[in-house]
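As provided, model_30.json (JSON, C-alpha atoms and all ligand atoms) reads as follows.
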[["chain", "number", "residue", "atom", "x", "y", "z"],
["A", 485, "MET", "CA", 131.18, 104.00, 161.97],
["A", 486, "ALA", "CA", 131.29, 104.30, 158.18],
["A", 487, "LYS", "CA", 133.73, 101.97, 156.44],
["A", 488, "ILE", "CA", 136.20, 103.34, 153.96],
["A", 489, "LEU", "CA", 138.42, 101.78, 151.29],
["A", 490, "VAL", "CA", 141.48, 103.41, 149.75],
["A", 491, "ILE", "CA", 142.53, 101.89, 146.40],
["A", 492, "GLY", "CA", 146.13, 102.74, 145.52],
["A", 493, "ALA", "CA", 147.07, 103.06, 149.19],
["A", 494, "ALA", "CA", 150.78, 102.49, 148.51],
["A", 495, "GLY", "CA", 151.13, 105.62, 146.38],
["A", 496, "GLN", "CA", 152.30, 109.12, 147.24],
["A", 497, "LEU", "CA", 148.86, 110.48, 148.11],
["A", 498, "GLY", "CA", 147.54, 107.12, 149.31],
["A", 499, "ILE", "CA", 149.88, 106.84, 152.28],
["A", 500, "ASP", "CA", 149.10, 110.31, 153.63],
["A", 501, "LEU", "CA", 145.40, 110.02, 152.97],
["A", 502, "VAL", "CA", 145.16, 106.65, 154.73],
["A", 503, "LEU", "CA", 146.93, 108.01, 157.82],
["A", 504, "ALA", "CA", 144.50, 110.95, 157.95],
["A", 505, "LEU", "CA", 141.47, 108.71, 157.43],
["A", 506, "GLN", "CA", 142.67, 106.36, 160.18],
["A", 507, "ALA", "CA", 142.99, 109.31, 162.56],
["A", 508, "GLN", "CA", 139.52, 110.54, 161.66],
["A", 509, "HIS", "CA", 137.58, 107.25, 161.48],
["A", 510, "GLY", "CA", 139.68, 104.72, 163.40],
["A", 511, "VAL", "CA", 142.11, 102.18, 161.95],
["A", 512, "GLY", "CA", 139.48, 99.44, 161.99],
["A", 513, "ASN", "CA", 137.20, 101.44, 159.72],
["A", 514, "VAL", "CA", 139.74, 101.99, 156.96],
["A", 515, "ASP", "CA", 140.69, 99.18, 154.57],
["A", 516, "VAL", "CA", 143.58, 99.68, 152.18],
["A", 517, "SER", "CA", 144.37, 98.06, 148.85],
["A", 518, "ASP", "CA", 147.06, 98.11, 146.21],
["A", 519, "ILE", "CA", 148.97, 95.78, 143.93],
["A", 520, "ARG", "CA", 152.03, 96.27, 146.17],
["A", 521, "VAL", "CA", 152.30, 96.34, 149.92],
["A", 522, "PRO", "CA", 152.42, 99.96, 151.20],
["A", 523, "ASP", "CA", 155.82, 100.86, 152.60],
["A", 524, "ASP", "CA", 154.43, 102.42, 155.77],
["A", 525, "GLU", "CA", 153.89, 100.77, 159.10],
["A", 526, "GLY", "CA", 150.95, 102.98, 160.07],
["A", 527, "VAL", "CA", 149.10, 102.33, 156.83],
["A", 528, "MET", "CA", 149.58, 98.58, 157.33],
["A", 529, "HIS", "CA", 147.71, 98.74, 160.63],
["A", 530, "SER", "CA", 144.62, 98.78, 158.44],
["A", 531, "ARG", "CA", 143.33, 95.61, 156.78],
["A", 532, "PHE", "CA", 145.30, 95.21, 153.53],
["A", 533, "LEU", "CA", 143.67, 93.75, 150.44],
["A", 534, "HIS", "CA", 145.84, 92.81, 147.52],
["A", 535, "LEU", "CA", 143.82, 94.22, 144.62],
["A", 536, "ASP", "CA", 144.51, 94.90, 140.96],
["A", 537, "ALA", "CA", 142.27, 97.89, 140.28],
["A", 538, "THR", "CA", 141.96, 96.95, 136.59],
["A", 539, "ASP", "CA", 140.48, 93.54, 137.45],
["A", 540, "GLU", "CA", 136.75, 94.16, 137.17],
["A", 541, "GLY", "CA", 135.71, 90.93, 138.88],
["A", 542, "ALA", "CA", 138.07, 91.43, 141.79],
["A", 543, "VAL", "CA", 137.13, 95.09, 142.33],
["A", 544, "HIS", "CA", 133.44, 94.27, 142.18],
["A", 545, "ARG", "CA", 133.80, 91.39, 144.64],
["A", 546, "VAL", "CA", 135.62, 93.61, 147.14],
["A", 547, "LEU", "CA", 133.14, 96.45, 146.81],
["A", 548, "GLU", "CA", 130.03, 94.29, 146.86],
["A", 549, "GLU", "CA", 131.21, 92.49, 149.99],
["A", 550, "GLY", "CA", 132.69, 95.57, 151.67],
["A", 551, "ARG", "CA", 129.66, 97.88, 151.30],
["A", 552, "TYR", "CA", 131.91, 100.85, 151.92],
["A", 553, "HIS", "CA", 130.52, 104.25, 152.70],
["A", 554, "ALA", "CA", 133.36, 105.85, 150.74],
["A", 555, "VAL", "CA", 135.96, 104.61, 148.29],
["A", 556, "TYR", "CA", 138.99, 106.73, 147.47],
["A", 557, "HIS", "CA", 140.22, 105.42, 144.15],
["A", 558, "LEU", "CA", 143.78, 106.74, 143.71],
["A", 559, "ALA", "CA", 145.43, 104.08, 141.54],
["A", 560, "ALA", "CA", 146.86, 105.66, 138.37],
["A", 561, "MET", "CA", 149.92, 105.94, 136.18],
["A", 562, "LEU", "CA", 151.19, 109.53, 136.32],
["A", 563, "SER", "CA", 152.37, 111.89, 133.60],
["A", 564, "ALA", "CA", 156.03, 110.96, 133.10],
["A", 565, "THR", "CA", 155.65, 107.16, 133.34],
["A", 566, "GLY", "CA", 152.48, 107.34, 131.26],
["A", 567, "GLU", "CA", 154.43, 108.77, 128.32],
["A", 568, "LYS", "CA", 156.67, 105.72, 128.37],
["A", 569, "LYS", "CA", 153.72, 103.30, 128.43],
["A", 570, "PRO", "CA", 150.80, 105.18, 126.85],
["A", 571, "ILE", "CA", 148.41, 102.28, 126.30],
["A", 572, "ALA", "CA", 149.12, 100.73, 129.69],
["A", 573, "ALA", "CA", 148.52, 104.15, 131.29],
["A", 574, "TRP", "CA", 145.20, 104.57, 129.50],
["A", 575, "ASP", "CA", 144.11, 101.04, 130.41],
["A", 576, "LEU", "CA", 144.99, 101.42, 134.08],
["A", 577, "ASN", "CA", 143.60, 104.92, 134.50],
["A", 578, "MET", "CA", 140.32, 104.31, 132.68],
["A", 579, "GLN", "CA", 139.51, 100.65, 133.41],
["A", 580, "SER", "CA", 140.03, 101.08, 137.13],
["A", 581, "LEU", "CA", 137.75, 104.13, 137.14],
["A", 582, "PHE", "CA", 134.99, 102.24, 135.31],
["A", 583, "ASN", "CA", 135.29, 99.38, 137.78],
["A", 584, "VAL", "CA", 134.65, 101.72, 140.70],
["A", 585, "LEU", "CA", 131.96, 103.82, 138.99],
["A", 586, "GLU", "CA", 130.06, 100.67, 137.97],
["A", 587, "ALA", "CA", 130.17, 99.38, 141.54],
["A", 588, "ALA", "CA", 128.82, 102.73, 142.75],
["A", 589, "LYS", "CA", 126.09, 102.56, 140.12],
["A", 590, "GLU", "CA", 125.10, 99.16, 141.57],
["A", 591, "GLY", "CA", 124.72, 100.89, 144.94],
["A", 592, "TRP", "CA", 127.60, 99.06, 146.65],
["A", 593, "VAL", "CA", 129.42, 102.31, 147.46],
["A", 594, "GLU", "CA", 127.80, 105.51, 148.66],
["A", 595, "ARG", "CA", 130.49, 108.04, 147.81],
["A", 596, "VAL", "CA", 133.52, 107.94, 145.51],
["A", 597, "PHE", "CA", 136.61, 110.12, 145.39],
["A", 598, "TRP", "CA", 138.72, 110.13, 142.24],
["A", 599, "PRO", "CA", 141.66, 112.47, 141.66],
["A", 600, "SER", "CA", 142.12, 114.54, 138.55],
["A", 601, "SER", "CA", 145.10, 116.79, 137.85],
["A", 602, "ILE", "CA", 146.42, 120.03, 136.39],
["A", 603, "ALA", "CA", 147.49, 117.72, 133.54],
["A", 604, "VAL", "CA", 144.01, 118.18, 132.01],
["A", 605, "PHE", "CA", 145.27, 121.60, 130.89],
["A", 606, "GLY", "CA", 147.59, 122.13, 127.96],
["A", 607, "PRO", "CA", 149.52, 124.64, 125.85],
["A", 608, "GLN", "CA", 146.45, 126.61, 124.84],
["A", 609, "THR", "CA", 145.19, 126.98, 128.40],
["A", 610, "PRO", "CA", 146.04, 130.38, 129.97],
["A", 611, "LYS", "CA", 149.18, 130.07, 132.11],
["A", 612, "GLN", "CA", 148.07, 132.22, 135.04],
["A", 613, "ASP", "CA", 145.06, 131.74, 137.31],
["A", 614, "VAL", "CA", 143.51, 129.11, 135.07],
["A", 615, "PRO", "CA", 139.74, 129.27, 135.44],
["A", 616, "GLN", "CA", 137.68, 126.21, 136.32],
["A", 617, "ASP", "CA", 136.36, 125.92, 132.77],
["A", 618, "ALA", "CA", 139.45, 126.88, 130.83],
["A", 619, "LEU", "CA", 140.18, 125.36, 127.47],
["A", 620, "PHE", "CA", 141.52, 121.83, 127.95],
["A", 621, "ASP", "CA", 144.09, 120.45, 125.59],
["A", 622, "PRO", "CA", 146.06, 117.80, 127.47],
["A", 623, "THR", "CA", 149.22, 116.63, 125.72],
["A", 624, "THR", "CA", 150.00, 113.61, 127.91],
["A", 625, "VAL", "CA", 148.18, 110.28, 128.06],
["A", 626, "TYR", "CA", 147.81, 110.91, 131.78],
["A", 627, "GLY", "CA", 146.14, 114.27, 131.10],
["A", 628, "ILE", "CA", 143.89, 112.79, 128.40],
["A", 629, "SER", "CA", 142.82, 110.01, 130.78],
["A", 630, "LYS", "CA", 142.11, 112.50, 133.56],
["A", 631, "GLN", "CA", 140.11, 114.76, 131.26],
["A", 632, "ALA", "CA", 138.06, 111.84, 129.94],
["A", 633, "GLY", "CA", 137.67, 110.50, 133.47],
["A", 634, "GLU", "CA", 136.28, 113.82, 134.67],
["A", 635, "TYR", "CA", 133.51, 113.66, 132.09],
["A", 636, "TRP", "CA", 132.81, 110.02, 132.95],
["A", 637, "CYS", "CA", 132.44, 111.02, 136.60],
["A", 638, "ARG", "CA", 129.93, 113.69, 135.70],
["A", 639, "TYR", "CA", 128.14, 111.23, 133.39],
["A", 640, "TYR", "CA", 127.73, 108.65, 136.16],
["A", 641, "HIS", "CA", 126.54, 111.39, 138.50],
["A", 642, "GLU", "CA", 123.96, 112.76, 136.09],
["A", 643, "LYS", "CA", 122.72, 109.47, 134.61],
["A", 644, "PHE", "CA", 122.90, 107.19, 137.62],
["A", 645, "GLY", "CA", 123.08, 109.51, 140.63],
["A", 646, "VAL", "CA", 126.57, 108.32, 141.60],
["A", 647, "ASP", "CA", 128.00, 110.64, 144.28],
["A", 648, "VAL", "CA", 131.48, 110.98, 142.85],
["A", 649, "ARG", "CA", 133.72, 113.92, 143.77],
["A", 650, "SER", "CA", 137.04, 115.03, 142.38],
["A", 651, "ILE", "CA", 139.92, 117.49, 142.69],
["A", 652, "ARG", "CA", 142.42, 118.59, 140.05],
["A", 653, "TYR", "CA", 145.53, 118.33, 142.18],
["A", 654, "PRO", "CA", 148.61, 120.40, 141.48],
["A", 655, "GLY", "CA", 152.02, 118.86, 142.28],
["A", 656, "LEU", "CA", 151.87, 117.38, 145.78],
["A", 657, "ILE", "CA", 154.77, 117.66, 148.22],
["A", 658, "GLY", "CA", 154.97, 115.62, 151.39],
["A", 659, "HIS", "CA", 157.58, 113.96, 153.59],
["A", 660, "ARG", "CA", 155.80, 110.72, 154.53],
["A", 661, "SER", "CA", 155.72, 109.18, 151.05],
["A", 662, "GLU", "CA", 157.69, 109.08, 147.82],
["A", 663, "PRO", "CA", 156.29, 110.39, 144.56],
["A", 664, "GLY", "CA", 156.29, 108.06, 141.57],
["A", 665, "GLY", "CA", 156.45, 108.85, 137.90],
["A", 666, "GLY", "CA", 155.23, 112.46, 137.89],
["A", 667, "THR", "CA", 156.57, 115.68, 136.39],
["A", 668, "THR", "CA", 156.35, 117.49, 139.72],
["A", 669, "ASP", "CA", 158.40, 114.84, 141.60],
["A", 670, "TYR", "CA", 161.47, 117.11, 141.66],
["A", 671, "ALA", "CA", 159.83, 119.20, 144.37],
["A", 672, "VAL", "CA", 159.96, 116.23, 146.77],
["A", 673, "GLU", "CA", 163.30, 114.79, 145.63],
["A", 674, "ILE", "CA", 165.07, 118.12, 146.13],
["A", 675, "TYR", "CA", 164.31, 118.11, 149.88],
["A", 676, "HIS", "CA", 165.60, 114.56, 150.26],
["A", 677, "ALA", "CA", 168.85, 115.43, 148.48],
["A", 678, "ALA", "CA", 169.31, 118.60, 150.54],
["A", 679, "THR", "CA", 168.72, 116.76, 153.81],
["A", 680, "ALA", "CA", 171.18, 114.02, 152.82],
["A", 681, "GLY", "CA", 173.83, 116.68, 152.18],
["A", 682, "GLU", "CA", 173.89, 115.92, 148.46],
["A", 683, "ALA", "CA", 173.69, 118.18, 145.42],
["A", 684, "TYR", "CA", 170.49, 117.80, 143.39],
["A", 685, "THR", "CA", 170.19, 117.60, 139.62],
["A", 686, "CYS", "CA", 166.80, 118.96, 138.65],
["A", 687, "PHE", "CA", 165.06, 117.57, 135.57],
["A", 688, "LEU", "CA", 163.14, 120.81, 134.99],
["A", 689, "ARG", "CA", 164.47, 124.24, 134.07],
["A", 690, "ALA", "CA", 165.34, 126.60, 136.93],
["A", 691, "ASP", "CA", 162.56, 129.02, 135.97],
["A", 692, "GLN", "CA", 159.76, 126.50, 135.30],
["A", 693, "ALA", "CA", 156.86, 127.62, 137.51],
["A", 694, "LEU", "CA", 154.17, 125.05, 138.34],
["A", 695, "PRO", "CA", 151.20, 124.95, 140.70],
["A", 696, "MET", "CA", 152.08, 123.02, 143.87],
["A", 697, "MET", "CA", 150.51, 122.09, 147.20],
["A", 698, "TYR", "CA", 151.74, 120.84, 150.56],
["A", 699, "MET", "CA", 150.45, 117.31, 151.16],
["A", 700, "ASP", "CA", 148.62, 118.06, 154.40],
["A", 701, "ASP", "CA", 146.63, 120.78, 152.63],
["A", 702, "ALA", "CA", 145.78, 118.35, 149.82],
["A", 703, "VAL", "CA", 144.64, 115.69, 152.28],
["A", 704, "ARG", "CA", 142.59, 118.16, 154.32],
["A", 705, "GLY", "CA", 140.99, 119.53, 151.13],
["A", 706, "THR", "CA", 140.11, 116.00, 150.03],
["A", 707, "LEU", "CA", 138.49, 115.15, 153.36],
["A", 708, "GLU", "CA", 136.60, 118.47, 153.35],
["A", 709, "LEU", "CA", 135.29, 117.85, 149.85],
["A", 710, "MET", "CA", 134.18, 114.34, 150.82],
["A", 711, "ALA", "CA", 132.49, 115.56, 154.00],
["A", 712, "ALA", "CA", 130.55, 118.37, 152.29],
["A", 713, "PRO", "CA", 126.79, 117.93, 151.83],
["A", 714, "ALA", "CA", 126.03, 116.67, 148.30],
["A", 715, "ASP", "CA", 124.10, 119.79, 147.36],
["A", 716, "ARG", "CA", 127.23, 121.91, 147.88],
["A", 717, "ILE", "CA", 129.08, 120.00, 145.19],
["A", 718, "GLN", "CA", 128.16, 122.00, 142.12],
["A", 719, "ILE", "CA", 130.99, 120.66, 139.98],
["A", 720, "ARG", "CA", 130.86, 116.97, 139.15],
["A", 721, "THR", "CA", 133.76, 116.95, 136.74],
["A", 722, "SER", "CA", 136.59, 118.05, 139.04],
["A", 723, "TYR", "CA", 137.47, 121.10, 141.15],
["A", 724, "ASN", "CA", 140.46, 123.35, 140.48],
["A", 725, "LEU", "CA", 142.49, 123.57, 143.68],
["A", 726, "GLY", "CA", 145.28, 126.08, 144.15],
["A", 727, "ALA", "CA", 147.81, 126.72, 146.88],
["A", 728, "MET", "CA", 151.14, 128.06, 145.63],
["A", 729, "SER", "CA", 153.19, 128.40, 142.46],
["A", 730, "PHE", "CA", 156.98, 128.22, 142.40],
["A", 731, "THR", "CA", 160.03, 127.42, 140.29],
["A", 732, "PRO", "CA", 162.86, 124.99, 141.09],
["A", 733, "SER", "CA", 165.20, 127.92, 141.73],
["A", 734, "GLU", "CA", 162.77, 129.38, 144.26],
["A", 735, "VAL", "CA", 162.67, 126.08, 146.15],
["A", 736, "ALA", "CA", 166.46, 125.88, 145.98],
["A", 737, "ASN", "CA", 166.82, 129.42, 147.37],
["A", 738, "GLY", "CA", 164.41, 128.58, 150.17],
["A", 739, "ILE", "CA", 166.44, 125.49, 151.07],
["A", 740, "GLN", "CA", 169.71, 127.44, 150.93],
["A", 741, "GLN", "CA", 168.42, 129.74, 153.65],
["A", 742, "HIS", "CA", 168.52, 126.68, 155.94],
["A", 743, "LEU", "CA", 171.42, 124.85, 154.27],
["A", 744, "PRO", "CA", 173.70, 127.44, 152.63],
["A", 745, "ASN", "CA", 175.95, 124.83, 150.99],
["A", 746, "PHE", "CA", 173.13, 123.09, 149.14],
["A", 747, "GLN", "CA", 173.71, 123.01, 145.37],
["A", 748, "VAL", "CA", 171.33, 122.42, 142.48],
["A", 749, "ASN", "CA", 172.27, 121.66, 138.88],
["A", 750, "TYR", "CA", 169.80, 121.74, 136.05],
["A", 751, "ALA", "CA", 169.55, 119.05, 133.37],
["A", 752, "PRO", "CA", 166.04, 119.33, 131.88],
["A", 753, "ASP", "CA", 164.83, 116.09, 130.29],
["A", 754, "HIS", "CA", 161.62, 114.91, 128.58],
["A", 755, "ARG", "CA", 159.62, 116.06, 131.60],
["A", 756, "GLN", "CA", 160.41, 119.71, 130.81],
["A", 757, "ALA", "CA", 158.08, 119.61, 127.78],
["A", 758, "ILE", "CA", 155.27, 118.23, 129.96],
["A", 759, "ALA", "CA", 155.81, 120.94, 132.58],
["A", 760, "GLU", "CA", 155.83, 123.64, 129.91],
["A", 761, "SER", "CA", 152.42, 122.51, 128.67],
["A", 762, "TRP", "CA", 150.87, 122.97, 132.12],
["A", 763, "PRO", "CA", 149.65, 126.19, 133.74],
["A", 764, "GLU", "CA", 151.64, 128.06, 136.37],
["A", 765, "SER", "CA", 148.80, 128.95, 138.72],
["A", 766, "ILE", "CA", 145.19, 127.98, 139.33],
["A", 767, "ASP", "CA", 141.98, 129.88, 140.05],
["A", 768, "ASP", "CA", 140.10, 127.88, 142.69],
["A", 769, "THR", "CA", 137.18, 130.24, 143.35],
["A", 770, "ALA", "CA", 134.60, 127.48, 142.86],
["A", 771, "ALA", "CA", 136.16, 125.19, 145.49],
["A", 772, "ARG", "CA", 136.40, 128.12, 147.91],
["A", 773, "SER", "CA", 132.79, 129.15, 147.49],
["A", 774, "ASP", "CA", 131.19, 125.69, 147.15],
["A", 775, "TRP", "CA", 132.85, 123.88, 150.06],
["A", 776, "GLY", "CA", 135.16, 126.36, 151.76],
["A", 777, "TRP", "CA", 138.58, 125.40, 150.38],
["A", 778, "GLU", "CA", 141.52, 127.41, 151.70],
["A", 779, "PRO", "CA", 145.21, 126.50, 151.50],
["A", 780, "ARG", "CA", 147.24, 126.98, 154.67],
["A", 781, "VAL", "CA", 150.88, 126.18, 153.96],
["A", 782, "LEU", "CA", 153.01, 128.19, 151.53],
["A", 783, "LEU", "CA", 156.60, 127.69, 150.32],
["A", 784, "PRO", "CA", 158.68, 129.11, 153.21],
["A", 785, "GLU", "CA", 156.74, 127.18, 155.86],
["A", 786, "MET", "CA", 156.67, 124.04, 153.73],
["A", 787, "THR", "CA", 160.45, 124.19, 153.31],
["A", 788, "SER", "CA", 160.97, 124.32, 157.08],
["A", 789, "ILE", "CA", 158.51, 121.45, 157.63],
["A", 790, "MET", "CA", 160.02, 119.26, 154.90],
["A", 791, "LEU", "CA", 163.64, 119.73, 155.98],
["A", 792, "ASP", "CA", 162.78, 119.18, 159.61],
["A", 793, "ALA", "CA", 160.66, 116.06, 159.05],
["A", 794, "ILE", "CA", 163.00, 114.38, 156.56],
["A", 795, "GLY", "CA", 165.97, 115.25, 158.77],
["A", 796, "LYS", "CA", 164.33, 113.58, 161.78],
["A", 797, "LYS", "CA", 163.44, 110.50, 159.74],
["A", 798, "THR", "CA", 167.03, 110.19, 158.50],
["A", 799, "GLN", "CA", 168.40, 110.56, 162.03],
["A", 800, "SER", "CA", 166.10, 107.93, 163.47],
["A", 801, "ALA", "CA", 167.08, 105.55, 160.63],
["A", 802, "VAL", "CA", 170.78, 106.04, 161.49],
["A", 803, "HIS", "CA", 170.39, 105.53, 165.27],
["A", 901, "LIG", "N1", 151.95, 115.25, 140.00],
["A", 901, "LIG", "C1", 151.34, 114.84, 138.77],
["A", 901, "LIG", "C2", 152.36, 114.54, 137.74],
["A", 901, "LIG", "O1", 153.37, 115.18, 137.79],
["A", 901, "LIG", "C3", 150.42, 115.91, 138.25],
["A", 901, "LIG", "O2", 149.14, 115.53, 138.50],
["A", 901, "LIG", "O3", 152.13, 113.72, 136.91]]

Using C-alpha cells, write down the structure that the file contains.
Amino acid sequence: MAKILVIGAAGQLGIDLVLALQAQHGVGNVDVSDIRVPDDEGVMHSRFLHLDATDEGAVHRVLEEGRYHAVYHLAAMLSATGEKKPIAAWDLNMQSLFNVLEAAKEGWVERVFWPSSIAVFGPQTPKQDVPQDALFDPTTVYGISKQAGEYWCRYYHEKFGVDVRSIRYPGLIGHRSEPGGGTTDYAVEIYHAATAGEAYTCFLRADQALPMMYMDDAVRGTLELMAAPADRIQIRTSYNLGAMSFTPSEVANGIQQHLPNFQVNYAPDHRQAIAESWPESIDDTAARSDWGWEPRVLLPEMTSIMLDAIGKKTQSAVH
C-alpha cells in the first residue's frame, strides 16, 4: 500500500483529511506530523512525527527516509492571524512549501497536495462566479503567499516534473475540528454557540456573503483530485472549487429553524475588511470538467448535520 504523510495534521482540514485517508488507505499507511499534537484520538492512531515544516533539514530527513507516495502539506498561517504577524506568515507559508517542493524535485515524494485559497482574489476580482483565471489582487499576506505559492507549484511542475496539485478552498465548515485564525471561522463557531445554547457575536456583517464548503465535500474533492490521472490535471497553479455562498444572517436563519431561540449579534472587526475583499461565489467549471468535481452538501443539509453532530459530541462529553 502507498504511504502517505500529512503535514499540518493538527489543523482544521488536517484532522478531517487524516481520518478520511486512514479509512481509505489504512491507519498504518498514513503518517501525521505537526508542531503540536493533534487533538483527535483517531488521528493519533497514525504514527505521529513532531515536525516543524519550516525546518528544511528536518523536512528533508523525514521525506527522504519516508519515501511517501503522497504528501499533503497543509501547514499554514491563515488570513486573520497572518495580518497580525505578516513576516512570520510569509516565512511559514513559503519556506514550508519550498521544503516540500524541493524534496519532490529530489524524487523522494511522488505526489504533493498543497492548498490554496479564495484569498488569492481581491477587490478588483469580480464578486460573482469568479473565473479560474480572474484578476488576482490579494490584500492579505496569506493571500499573497497563496498566490505566489500557486505559481511556484506550477514552476516546479513545468521545470522539474513535480506532480503537485492544488485547490483554492473556500471557507471550510466541519464538526470534527476547530478552525484557527481564518476570516471564515465564524461559520463554524456559530454552530458551536447555537448548540451550547449561547448567543453568538459574529465578527462579520450580517450580509457579508462568502464562498463556503462543507468539510466532507472538501475532503472528498481533495482525494478525488489526488487520485485523478496526471494527464487530467490541466491546471498546475490551483483549481477554483465552489459549493455554496451564504451570509451570516442566512446561517443564523437556518439555525433558528432548528433552535428558534438562538440569537446572533453583529460586531464586525478587522476581519470584515478581509471578507469584503474576497469574492462571493466561485466558478469551478475547470475542476468539474478536468476531474469530475461536484459538491454534494448545501446550507440546509449542512446545518442539520452540524447541529446534530456537535450536539451529540457535547452530550457524550457531559455523560
Ligand atoms: N478559511 C481561510 C481564511 O479564512 C480562507 O482560505 O483564512

Using only C-alpha atoms, the shortest atom-to-atom distance to Gly633 of chain A among A:Met578, A:Ala559, A:Ile719, A:Leu791 belongs to A:Met578

Env of Pro599 of chain A: 12 Å cut, atoms = only C-alpha atoms, seq-sep filter 3 positions within chain, self excluded. Answer as a count of residues only. 45

Using only C-alpha atoms, the shortest atom-to-atom distance to Gly795 of chain A among A:Tyr675, A:Trp574, A:Trp598, A:Tyr670 belongs to A:Tyr675

Atom CA of Ser765 of chain A to atom CA of Gln612 of chain A, straight-line distance in Å: 5.0 Å

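For the residues A:Gln616, A:Gln496, A:Ser729, A:Gln579, ranking by smallest atom-to-atom distance to ligand LIG 901 (chain A) using only C-alpha atoms and all ligand atoms places A:Gln496 first.
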
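The coordinates place atom C3 of ligand LIG 901 (chain A) at 16.9 Å from atom CA of Arg689 of chain A.
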
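Shortest atom-to-atom contact with ligand LIG 901 (chain A) among A:Glu662, A:Glu590, A:Asp768, A:Asp774: A:Glu662, counting all atoms listed in the file.
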
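Compared by their closest atoms to Leu783 of chain A, and using only C-alpha atoms, the residues A:Ala554, A:Met696, A:Ala564, A:Ile628 rank with A:Met696 nearest.
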
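Atom CA of Pro615 of chain A is found 6.8 Å from atom CA of Ile766 of chain A.
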
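Comparing A:Glu525, A:Glu594, A:Asp669, A:Asp691 by their smallest distance to Val646 of chain A, the closest is A:Glu594 (using only C-alpha atoms).
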
Show which residues sit within 12 Å of Arg704 of chain A, as a ChimeraX atom specification. Count only C-alpha atoms, and ignore same-chain residues fewer than 2 positions away. /A:497,500-505,508,651,697-702,706-711,725,776-781

Contacts of His529 of chain A at 9 Å or less, counting all atoms listed in the file, minus same-chain residues fewer than 3 places along, as number ranges by chain? A: 511-512, 525-526, 532

Starting from the sparse input, extend segment 583-588 of chain A to all heavy atoms and give the output as a PDB file, in the coordinates of the input.
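And here is the file that came out, result.pdb:
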ATOM      1  N   ASN A 583     135.598 100.436 136.800  1.00  0.00           N
ATOM      2  CA  ASN A 583     135.290  99.380 137.780  1.00  0.00           C
ATOM      3  C   ASN A 583     134.653  99.975 139.037  1.00  0.00           C
ATOM      4  O   ASN A 583     133.691  99.431 139.571  1.00  0.00           O
ATOM      5  CB  ASN A 583     136.560  98.607 138.142  1.00  0.00           C
ATOM      6  CG  ASN A 583     137.081  97.792 136.966  1.00  0.00           C
ATOM      7  OD1 ASN A 583     136.358  97.574 135.992  1.00  0.00           O
ATOM      8  ND2 ASN A 583     138.330  97.363 137.047  1.00  0.00           N
ATOM      9  N   VAL A 584     135.184 101.106 139.472  1.00  0.00           N
ATOM     10  CA  VAL A 584     134.650 101.720 140.700  1.00  0.00           C
ATOM     11  C   VAL A 584     133.317 102.414 140.413  1.00  0.00           C
ATOM     12  O   VAL A 584     132.358 102.288 141.192  1.00  0.00           O
ATOM     13  CB  VAL A 584     135.691 102.713 141.289  1.00  0.00           C
ATOM     14  CG1 VAL A 584     135.099 103.493 142.453  1.00  0.00           C
ATOM     15  CG2 VAL A 584     136.949 101.954 141.725  1.00  0.00           C
ATOM     16  N   LEU A 585     133.220 103.122 139.296  1.00  0.00           N
ATOM     17  CA  LEU A 585     131.960 103.820 138.990  1.00  0.00           C
ATOM     18  C   LEU A 585     130.814 102.821 138.801  1.00  0.00           C
ATOM     19  O   LEU A 585     129.685 103.069 139.242  1.00  0.00           O
ATOM     20  CB  LEU A 585     132.117 104.683 137.732  1.00  0.00           C
ATOM     21  CG  LEU A 585     132.984 105.942 137.889  1.00  0.00           C
ATOM     22  CD1 LEU A 585     133.148 106.649 136.539  1.00  0.00           C
ATOM     23  CD2 LEU A 585     132.412 106.908 138.925  1.00  0.00           C
ATOM     24  N   GLU A 586     131.104 101.686 138.158  1.00  0.00           N
ATOM     25  CA  GLU A 586     130.060 100.670 137.970  1.00  0.00           C
ATOM     26  C   GLU A 586     129.604 100.100 139.315  1.00  0.00           C
ATOM     27  O   GLU A 586     128.411  99.870 139.527  1.00  0.00           O
ATOM     28  CB  GLU A 586     130.576  99.543 137.065  1.00  0.00           C
ATOM     29  CG  GLU A 586     130.510  99.864 135.586  1.00  0.00           C
ATOM     30  CD  GLU A 586     129.066  99.931 135.066  1.00  0.00           C
ATOM     31  OE1 GLU A 586     128.317  98.954 135.221  1.00  0.00           O
ATOM     32  OE2 GLU A 586     128.699 100.984 134.505  1.00  0.00           O
ATOM     33  N   ALA A 587     130.542  99.896 140.212  1.00  0.00           N
ATOM     34  CA  ALA A 587     130.170  99.380 141.540  1.00  0.00           C
ATOM     35  C   ALA A 587     129.301 100.400 142.274  1.00  0.00           C
ATOM     36  O   ALA A 587     128.344 100.038 142.961  1.00  0.00           O
ATOM     37  CB  ALA A 587     131.439  99.079 142.350  1.00  0.00           C
ATOM     38  N   ALA A 588     129.632 101.680 142.102  1.00  0.00           N
ATOM     39  CA  ALA A 588     128.820 102.730 142.750  1.00  0.00           C
ATOM     40  C   ALA A 588     127.440 102.790 142.118  1.00  0.00           C
ATOM     41  O   ALA A 588     126.433 102.991 142.811  1.00  0.00           O
ATOM     42  CB  ALA A 588     129.539 104.077 142.645  1.00  0.00           C
TER      43      ALA A 588
END
